[in-house]
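Trainee: Okay, handing you the structure first.
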Amino acid sequence: MASTAKSESLSVRFWGVRGSIASPGRDMQGVGGNTSCVEVRFGEQVIVLDAGTGIRALGDQLMRDRISQATLLLSHLHWDHIQGLPFFLPAWLPGSRLEIVGAPSTASPQIGLRESLSMQMQPPHFPVRLSDMGAHLSFRQVESGQEITIGEMTITARRLNHPGGVMGYRIEAGGRSIVYATDTEHYACLDPYLVKLAKDADVLIYDSMYTEAEYRGEVGPSKVGWGHSTWEQGVRVADAARVGQLVLFHHDPQRTDREVAALEMQADILRPGTIAAREGLEIALPARRLAAAA
């Protein structure tokens, strides 16, 4: 008997798309001002990529959906990628389960994942502690090149280029794939590890904080060594890896809605279909499953 393919999709929703610091304001409302947080779902499985300020609204949505279990993949431990965790409502509720996956900073490898997150939730910086959270919290350290399985989703981690280290993630399910590569620097050539991670992916979410002119210091100070990339390099990576769709991400906190739209138009000319991430943007990738003959 032939098996029937499920109607599940590998879906992505953006809850925070800014880099470095939250940037509220009238000129940023269209793109959104929250820092990095991306939700990936497949069936009943929920993966959260980074815990920037966008995770607060995501937590509220998960409560409305009555979802009490999720996996949080941290790209790295810089503040704009963890500062929303104390405001993630499911983490405070008994009966909820949250697995936190990531790697220690290469700048302080002796400090584990749990301890690193605890440090931002200690007086005088925060009034309650990580240990006060009511949910069942578990921690898993991941290494570059490691593959882990969460439900029907397979996640591959790969270390990229950023001060203190950063992990890029490839998430696969239902014959579809999404690559999350934020806070990575391209330097003078394509990163072969990133190109391999993104090979033939359906969607590449890529750090596009700067333009090439900004990166090289032709506009403002040079950004070389700051750990971020450009939308132009995102196009090159996507082309080299034969990615389906490129999504520009981790926008400069000073970049207005109009300026983001202008960069999006330029990127679309070079690589048709390229879009800029905005809060609320959703991408659904219907599962590809072949019927298996008995």
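Just so we're on the same page: first chain in the structure tokens is A, next is B, and so on; residues restart at 1 for each chain, and ligands are numbered from 1 in the order they show up.
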Hey, what's within 6 Å of Ser208 in chain A if we count only C-alpha atoms and toss same-chain stuff fewer than 6 positions away? As number ranges by chain, please?
Mentor: A: 229-231, 248-249
Trainee: Among the residues of range 136-227 of chain A, find those DSSP assigns to alpha helix (DSSP H) from the backbone and print them as an NGL selection string.
Mentor: :A and (192-197 or 212-216)
Trainee: What does the file look like for those residues with C-alpha atoms, as a PDB file, in the first residue's frame?
Mentor:
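Now in again.pdb:
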ATOM      1  CA  PRO A 192      33.170  27.751   1.770  1.00  0.00           C
ATOM      2  CA  TYR A 193      31.603  26.350   4.942  1.00  0.00           C
ATOM      3  CA  LEU A 194      28.588  28.615   4.546  1.00  0.00           C
ATOM      4  CA  VAL A 195      28.236  27.800   0.847  1.00  0.00           C
ATOM      5  CA  LYS A 196      28.260  24.102   1.746  1.00  0.00           C
ATOM      6  CA  LEU A 197      25.732  24.615   4.554  1.00  0.00           C
ATOM      7  CA  GLU A 212      29.505  46.998   0.382  1.00  0.00           C
ATOM      8  CA  ALA A 213      30.290  50.725   0.492  1.00  0.00           C
ATOM      9  CA  GLU A 214      29.534  50.857   4.213  1.00  0.00           C
ATOM     10  CA  TYR A 215      31.527  47.675   4.871  1.00  0.00           C
ATOM     11  CA  ARG A 216      34.642  49.005   3.093  1.00  0.00           C
TER      12      ARG A 216
END
Trainee: If you count only C-alpha atoms, which residues fall within 9 Å of Trp226 in chain A, apart from same-chain ones fewer than 5 positions away, as a PyMOL selection string?
Mentor: chain A and resi 162-163+185
Trainee: Export C-alpha atoms of the chosen residues as an mmCIF file, in the first residue's frame?
Mentor:
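And here's selection-v3.cif as it stands now:
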data_model
loop_
_atom_site.group_PDB
_atom_site.id
_atom_site.type_symbol
_atom_site.label_atom_id
_atom_site.label_comp_id
_atom_site.auth_asym_id
_atom_site.auth_seq_id
_atom_site.Cartn_x
_atom_site.Cartn_y
_atom_site.Cartn_z
ATOM 1 C CA HIS A 162 31.917 36.552 14.094
ATOM 2 C CA PRO A 163 33.802 37.905 17.147
ATOM 3 C CA GLU A 185 31.407 38.292 8.007
#
Trainee: Taking into account only C-alpha atoms, which residue in the set A:Val46, A:Gln110, A:His78, A:Val224 is nearest to Asp65 in chain A?
Mentor: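 Counting only C-alpha atoms, the residue closest to Asp65 in chain A is A:Val46.
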Trainee: Apply DSSP to the structure's backbone, then extract all residues of range 41-268 of chain A labelled strand (DSSP E) and return them as a PyMOL selection string.
Mentor: chain A and resi 41-42+45-49+69-73+97-102+136-141+147-150+153-160+166-173+176-181+203-207+245-249
Trainee: What's the 9 Å shell around His136 in chain A, counting only C-alpha atoms, without same-chain residues fewer than 4 positions away, as a list in words?
Mentor: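 Answer for this query is Ala91, Leu93, Pro94, Gly95, Ser96, Arg97, Leu98 and Glu99 of chain A.
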Trainee: Do you know which residues are at most 8 Å from Leu190 in chain A counting only C-alpha atoms, after dropping those on the same chain fewer than 3 positions away, and could you put them as a list in words?
Mentor: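 The neighbour list is His186, Tyr187, Leu194, Val195, Gln233, Arg236 and Val237 of chain A.
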Trainee: Dump C-alpha atoms for the selected residues as an mmCIF file, in the first residue's frame?
Mentor:
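Output file result.cif follows:
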data_model
loop_
_atom_site.group_PDB
_atom_site.id
_atom_site.type_symbol
_atom_site.label_atom_id
_atom_site.label_comp_id
_atom_site.auth_asym_id
_atom_site.auth_seq_id
_atom_site.Cartn_x
_atom_site.Cartn_y
_atom_site.Cartn_z
ATOM 1 C CA HIS A 186 32.485 37.527 4.459
ATOM 2 C CA TYR A 187 35.892 39.232 4.334
ATOM 3 C CA LEU A 194 28.588 28.615 4.546
ATOM 4 C CA VAL A 195 28.236 27.800 0.847
ATOM 5 C CA GLN A 233 27.596 39.214 -0.503
ATOM 6 C CA ARG A 236 26.901 35.915 -4.130
ATOM 7 C CA VAL A 237 26.495 33.237 -1.468
#
Trainee: Select from range 11-118 of chain A every residue with an atom at most 7 Å from any atom of range 271-292 of chain A, then for each give the shortest pair of atoms and their distance in Å to one decimal, using only C-alpha atoms, rows by chain and rising number, as a tab-separated table.
Mentor:
residue	atom	partner	partner_atom	distance
A:Ser11	CA	A:Ala284	CA	4.2
A:Val12	CA	A:Ile283	CA	5.1
A:Arg13	CA	A:Glu282	CA	4.4
A:Phe14	CA	A:Glu279	CA	5.1
A:Trp15	CA	A:Glu279	CA	5.0
A:Gly16	CA	A:Glu279	CA	5.8
A:Val17	CA	A:Ala277	CA	6.3
A:Val31	CA	A:Arg278	CA	4.4
A:Gly32	CA	A:Glu279	CA	5.4
Trainee: Please produce a file of those selected residues containing C-alpha atoms, as a tab-separated table (two decimals), in the first residue's frame.
Mentor:
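out.tsv written:
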chain	number	residue	atom	x	y	z
A	11	SER	CA	7.14	27.41	7.68
A	12	VAL	CA	9.11	30.46	8.78
A	13	ARG	CA	7.82	33.55	10.55
A	14	PHE	CA	9.89	36.59	11.46
A	15	TRP	CA	9.41	38.19	14.88
A	16	GLY	CA	12.56	40.32	15.07
A	17	VAL	CA	14.78	41.33	12.15
A	31	VAL	CA	10.17	46.58	8.88
A	32	GLY	CA	9.92	46.41	12.65
Trainee: What is the distance between CA of Thr156 in chain A and CA of Val142 in chain A, in Å to one decimal?
Mentor: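 Interatomic distance here is 9.4 Å.
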